[in-house]
Each structure stands twice: as C-alpha cells, then as structure tokens.
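Undergrad: Have a look at this one.
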Amino acid sequence: MLDLGFVRDHPDLIREMAENRGVSLDLDSFQSIDSERRRLITESERLKALRNRASEDIGRRKQAGEDIAALAAEMKRTSQQVKEFDERVAALDDRLRQFLLTVPNLPHASVPIGHGAADNIEVRRWGRPPAFDFAPRPHWEVAESAGILDLARAARIAGSRFALYRGLGSRLERALANFFLDVHTREHGYTEYLPPFVVSTESLTAVGQLPKFAADMFHLEGTDWWMTPTAEVELTNLYREETLDPDSLPLRVCAWTACFRSEAGAAGKDTRGIVRQHQFQKVELYKFTLPQQSYEELEALVRDAEDLLQRLGLHHRVVQLCTGDMGFASAKTYDLEVWLPSTGGFMEISSCSNCEAFQARRAGIRYRPKSGGRSDYVHTLNGSGLAVGRTWVAIVENYQQADGSILLPEVLRPYMGVDRIPGPARR
C-alpha cells in the first residue's frame with residue numbers, strides 16, 4: 001500500500017503510474033473524499049478547542065457560584081457535533097483505505113514502460129536447447145506413456161486442472177522439492193518454514209492479494225479462511241505488526257507449500273498438461289531487508305533461483321518485466337523462463353520481485369534505525385525457488401529419450417535412487 005500523504009501530494013505521478021500499468025484509478029473521487037475528510041478534521045479540531053475553553057469557563061463559573069446552564073447546554077451541543085464529525089471522518093478514513101488498497105505499487109525507475117509481455121526485456125540466457133534426433137513430445141504424452149502421470153483419474157477425483165502423479169512421477173515431484181529446499185537452506189542461507197496452507201483474510205490483505213484478487217482464490221465457505229495461493233502470504237505475515245532489529249536484516253526465509261488458484265482469468269490458457277493447475281507445489285523464497293539493501297538482495301534472489309536451473313541443466317533466460325506486466329505489489333520483477341521443446345519457446349518458472357515497502361506498510365512490518373529516530377518500513381522481496389510442477393514439466397520434456405524413457409539430471413539421482421524413469425516398453 002502506498003502512503004496516503006504520498007498519493008495526496010503526487011497525483012500526477014499516480015496518474016502516470018496507473019497509465020503505465022494499464023489500470024484505472026478514480027483519483028478525482030479520492031481527492032474529493034480526502035479534501036472533505038481534512039475539512040471535517042479541521043472543523044472538529046476547532047470545535048474541540050471551543051469545548052475545552054468552555055469546560056474551563058464552566059469550572060471557573062461554578063466556583064464563582066454563577067449560572068452555567070446555558071453554557072453547559074452549548075457545550076453539550078458542541079460535543080454532539082464533534083462526535084458526528086469524528087464519525088464522518090472515520091467513515092471517510094475507511095473509504096480512503098479501501099481506495100489505497102486498490103492502488104498498485106509504483107514501479108522502480110529502472111522498469112521499462114510497456115503494455116504487456118511483448119515489451120519485457122531479456123536480460124540474459126543460460127545454456128542451449130537440447131538437440132533431439134526425434135520429434136520431442138509434450139510432457140503429458142511422455143509422462144502418461146511412462147506411467148508417471150494420470151490426468152484422467154485426476155479429473156475423476158477433482159475435475160480438470162488437477163494432476164495425479166504416480167510411482168516415479170510422485171517421487172520426482174518430492175525429489176525436486178527436497179533438492180530445492182536443501183540447496184536454499186544449506187547453501188543460500190534461507191531458514192525453512194512449513195506454514196499452514198490455510199490463511200486468513202487479514203493475511204491476504206496484508207500481502208496485497210485482497211481485495212483485488214478474490215476471484216482468483218478459493219474461499220472456505222462460512223469462514224474467514226482461504227486456501228493459500230502462494231507461500232508469499234504466510235511468509236509475509238511471519239512478522240506482521242512487528243518492529244525488527246536492523247542487525248537481523250536481511251532475513252531470508254523459504255517454504256514449501258501446496259498452492260491453490262481458481263485460475264478465474266485463465267480460460268483457454270494451457271489447457272493441456274499440468275502447466276496451469278488449480279493445485280500445485282512451490283518452494284517460495286522471501287526476504288525482509290533494509291531499504292538500502294533491497295535491490296542488491298533482489299539480484300541475489302534471482303541468482304538463487306537461477307542456480308537451481310543451472311544445476312538441473314535446463315536452458316533458461318532471465319526477463320525483466322515492463323510496467324504493464326508486473327504484479328500488483330511489485331516495484332521491480334524478473335521472470336525466469338525455462339525452455340520447453342514441445343513449444344519451441346520459454347515458460348515462466350519463477351517470478352522474483354522487490355515490493356519495497358508496499359507490503360510492509362499494509363502488514364505493519366517496521367525496523368528502528370540504529371541511529372535512533374522514528375521506525376520505518378522494511379522492504380520485502382519474494383520469488384519462486386522454484387515452481388515444482390513446472391520444473392517437473394521441464395525435466396520430462398528436456399530429458400525425454402527416443403525410447404520414451406526420461407533421463408534424470410545428476411543432482412536428482414541421489415534423491416530418486418535411479419538415473420532414469422523407464423519408458424513404456426520397460427515398465
């Protein structure tokens with residue numbers, strides 16, 4: 001959430017931001033509400049001053065034995081007006097907060113202006129696409145043929161956009177999550193958490209998922225609970241309404257969770273296979289930093305996620321997102337995209353963002369400078385390290401063999417206990 005005073009003082013900048021992000025904001029209504037709120041506060045303070053003086057006058061007159069009835073009646077009327085003004089201010093405060101909750105974050109100055117994915121900028125590539133002496137097949141064909149994925153039974157159990165892994169397919173999903181967590185906790189300096197998969201409305205609001213993205217999530221009817229769309233929610237709320245020791249920053253945490261998305265806005269996208277699911281597993285990386293640390297830590301976050309792709313030997317690229325393609329809470333985002341032979345193109349596998357103070361202001365996460373003075377908001381960063389299911393897809397496609405088997409990257413073999421997943425003829 002942006003600061004109220006900042007939005008008030010920089011309307012032209014907010015309008016420019018909204019245009020660059022492709023969102024609509026009713027700033028005229030905001031300014032009208034804000035102006036009325038400030039007028040009422042001024043009037044209320046004036047009346048409170050009158051009431052205070054009247055109270056002192058009444059005290060003196062009572063001591064002098066004078067009649068105070070008229071003055072007491074006037075003070076009562078003034079107190080009623082103050083109460084009415086304060087109630088109106090509180091209502092306007094709520095309207096202003098609701099407006100601010102819909103305002104996206106300001107992009108960093110280094111973010112390119114653009115309308116969508118076509119305006120993103122490729123930063124670098126690693127590796128090369130695998131060379132096949134046969135026509136590579138999509139992951140669902142390879143996996144179902146090898147007996148490690150059963151989409152038909154998944155649909156029977158829960159409907160479309162769910163996966164049912166089997167045998168070594170299940171083990172591969174588990175192996176990837178363990179490999180990711182081991183590298184991040186043992187080598188990259190993250191502390192692992194295993195949080196609840198159910199989160200509250202307050203937690204979702206703190207991270208910026210509500211109210212804007214309610215349609216994209218699963219709400220548990222009759223409760224204040226939602227199925228988590230990403231562990232970013234739980235990790236943000238680890239320190240909600242807390243003031244952190246600056247010497248403890250940056251704090252680096254990670255978590256494996258299932259994630260649940262309704263995919264309300266994804267009709268017709270990636271309908272085959274398991275790229276876009278209602279339920280998927282992901283290892284999330286998260287950082288709490290001092291403001292002056294956050295952009296250095298963003299680059300490190302990208303490297304931490306990218307390191308996994310390199311160890312897996314997967315051809316990928318890093319892309320900087322433009323203003324029109326960034327997430328609501330982000331000030332700057334890099335996407336990691338992995339190569340899929342079946343499409344001859346790249347698929348997003350991680351999104352790494354610096355949200356600056358946007359989430360911390362909503363969640364009340366501060367630090368107190370060592371030099372003293374007022375506390376300030378930390379910066380928060382998040383990224384997938386990595387999306388487990390999409391990495392599963394990338395391995396199946398990039399390591400498929402002509403006989404239908406799937407060779408496994410060397411780093412996964414200790415987790416899997418085998419060096420390949422057999423093809424259909426060898427099962």
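Residue names in the structure tokens use chain letters A, B, ... in the order shown, residue numbers from 1 in each chain, and ligand numbers from 1 in the order shown.
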Enumerate, as JSON, numbers by chain, the complete set of residues in region 293-373 of chain A that a backbone-based DSSP assignment places in alpha helix (DSSP H).

TA: {"A": [294, 295, 296, 297, 298, 299, 300, 301, 302, 303, 304, 305, 306, 307, 308, 309, 310, 311, 358, 359, 360, 361, 362, 363]}

Undergrad: Which residues are close to region 295-298 of chain A, i.e. within 9 Å by only C-alpha atoms, leaving aside same-chain residues fewer than 5 positions away? Reply as a short mmCIF file (atom, residue, chain, number, x, y, z; two decimals) with C-alpha atoms, in the first residue's frame.

TA:
```
data_model
loop_
_atom_site.label_atom_id
_atom_site.label_comp_id
_atom_site.auth_asym_id
_atom_site.auth_seq_id
_atom_site.Cartn_x
_atom_site.Cartn_y
_atom_site.Cartn_z
CA PRO A 250 18.23 -9.16 5.77
CA LYS A 287 13.38 -11.65 2.24
CA THR A 289 15.58 -6.17 4.19
CA ARG A 303 20.70 -15.83 -8.75
CA LYS A 332 10.52 -4.45 -9.99
CA THR A 333 10.26 -8.04 -11.24
CA TYR A 334 12.44 -10.53 -13.06
CA CYS A 352 11.28 -12.64 -8.42
CA SER A 353 10.05 -9.28 -7.14
CA ASN A 354 11.05 -6.41 -4.91
CA GLU A 356 9.85 -2.28 -1.46
CA LEU A 381 11.10 -9.47 -1.67
CA ASN A 382 9.71 -12.76 -2.93
#
```

Undergrad: Which residue gives the smallest distance to Arg125 (chain A) among A:Leu71, A:Val319, A:Val89, A:Met416, with only C-alpha atoms counted?

TA: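 Checking each of A:Leu71, A:Val319, A:Val89, A:Met416 against Arg125 (chain A), counting only C-alpha atoms, the winner is A:Val319.
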
Undergrad: Within 9 Å of Pro129 (chain A), counting only C-alpha atoms, which residues show up once you throw out same-chain ones fewer than 4 positions away? Write them as a ChimeraX atom specification, please.

TA: /A:314-316,339-341,344,398

Undergrad: Show which residues sit within 9 Å of region 28-36 of chain A, as a list in words. Count only C-alpha atoms, and ignore same-chain residues fewer than 2 positions away.

TA: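 The neighbour list is Arg8, Pro11, Leu25, Asp26, Arg38, Arg39, Leu40, Ile41, Val89, Leu92, Asp93, Arg95, Leu96 and Phe99 of chain A.
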
Undergrad: Calculate how many Å separate CA of Gly114 (chain A) from CA of Leu321 (chain A), rounding to one decimal.

TA: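 Between CA of Gly114 (chain A) and CA of Leu321 (chain A) the gap is 8.7 Å.
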
Undergrad: Would you pick out the contacts of Leu238 (chain A) at 10 Å or less, using only C-alpha atoms, so that residues sharing its chain but fewer than 3 positions from it are not included, and give the list as an NGL selection string?

TA: :A and (193 or 195 or 203 or 233-235 or 241-242 or 253 or 363 or 365)

Undergrad: So that I can check the surroundings of Phe358 (chain A), please list as a PyMOL selection string every protein, DNA and RNA residue that reaches within 10 Å of it, counting only C-alpha atoms and ignoring chain neighbours fewer than 6 positions away.

TA: chain A and resi 1-3+104-106+206-208+328-331+377-380

Undergrad: Applying 9 Å and only C-alpha atoms, which residues near region 174-186 of chain A remain after dropping the ones on its own chain fewer than 6 positions away? List them as JSON, numbers by chain.

TA: {"A": [192, 253, 254, 255, 256, 281, 282, 283, 285, 304, 305, 308, 385, 386, 387, 388, 389, 391, 392, 411, 412, 413, 414, 415, 416]}

Undergrad: Measuring atom to atom with only C-alpha atoms, identify which of A:Ile274, A:Met227, A:Val82, A:Leu244 is nearest to Glu43 (chain A).

TA: A:Val82

Undergrad: Which one is closest to Glu397 (chain A): A:Arg124, A:Phe280, A:Trp140, A:Leu309? Count only C-alpha atoms.

TA: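 Using only C-alpha atoms, Glu397 (chain A) sits closest to A:Trp140.
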
Undergrad: For the strand (DSSP E) assignment from backbone DSSP, which residues of region 137-305 of chain A qualify? Please present them as a PyMOL selection string.

TA: chain A and resi 191-193+198-200+225-227+243-244+251-260+279-289

Undergrad: Which residue is closest to Ala231 (chain A)? Choose from A:Gln359, A:Gly383, A:Glu173, A:Tyr367 and count only C-alpha atoms.

TA: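 Closest to Ala231 (chain A) of all the choices is A:Gly383.
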
Undergrad: Expressed in Å to a single decimal, how great is the separation between CA of Pro211 (chain A) and CA of Cys322 (chain A)?

TA: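 A separation of 23.5 Å between them.
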
Undergrad: Tell me, in Å to one decimal, how far CA of Ser371 (chain A) is from CA of Pro246 (chain A).

TA: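 Result for CA of Ser371 (chain A) versus CA of Pro246 (chain A): 10.5 Å, one decimal.
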
Undergrad: Counting only C-alpha atoms, which residue out of A:Arg311, A:Leu50, A:Arg137, A:Gln320 sits closest to Gly116 (chain A)?

TA: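 For Gly116 (chain A), the nearest of the given residues is A:Gln320.
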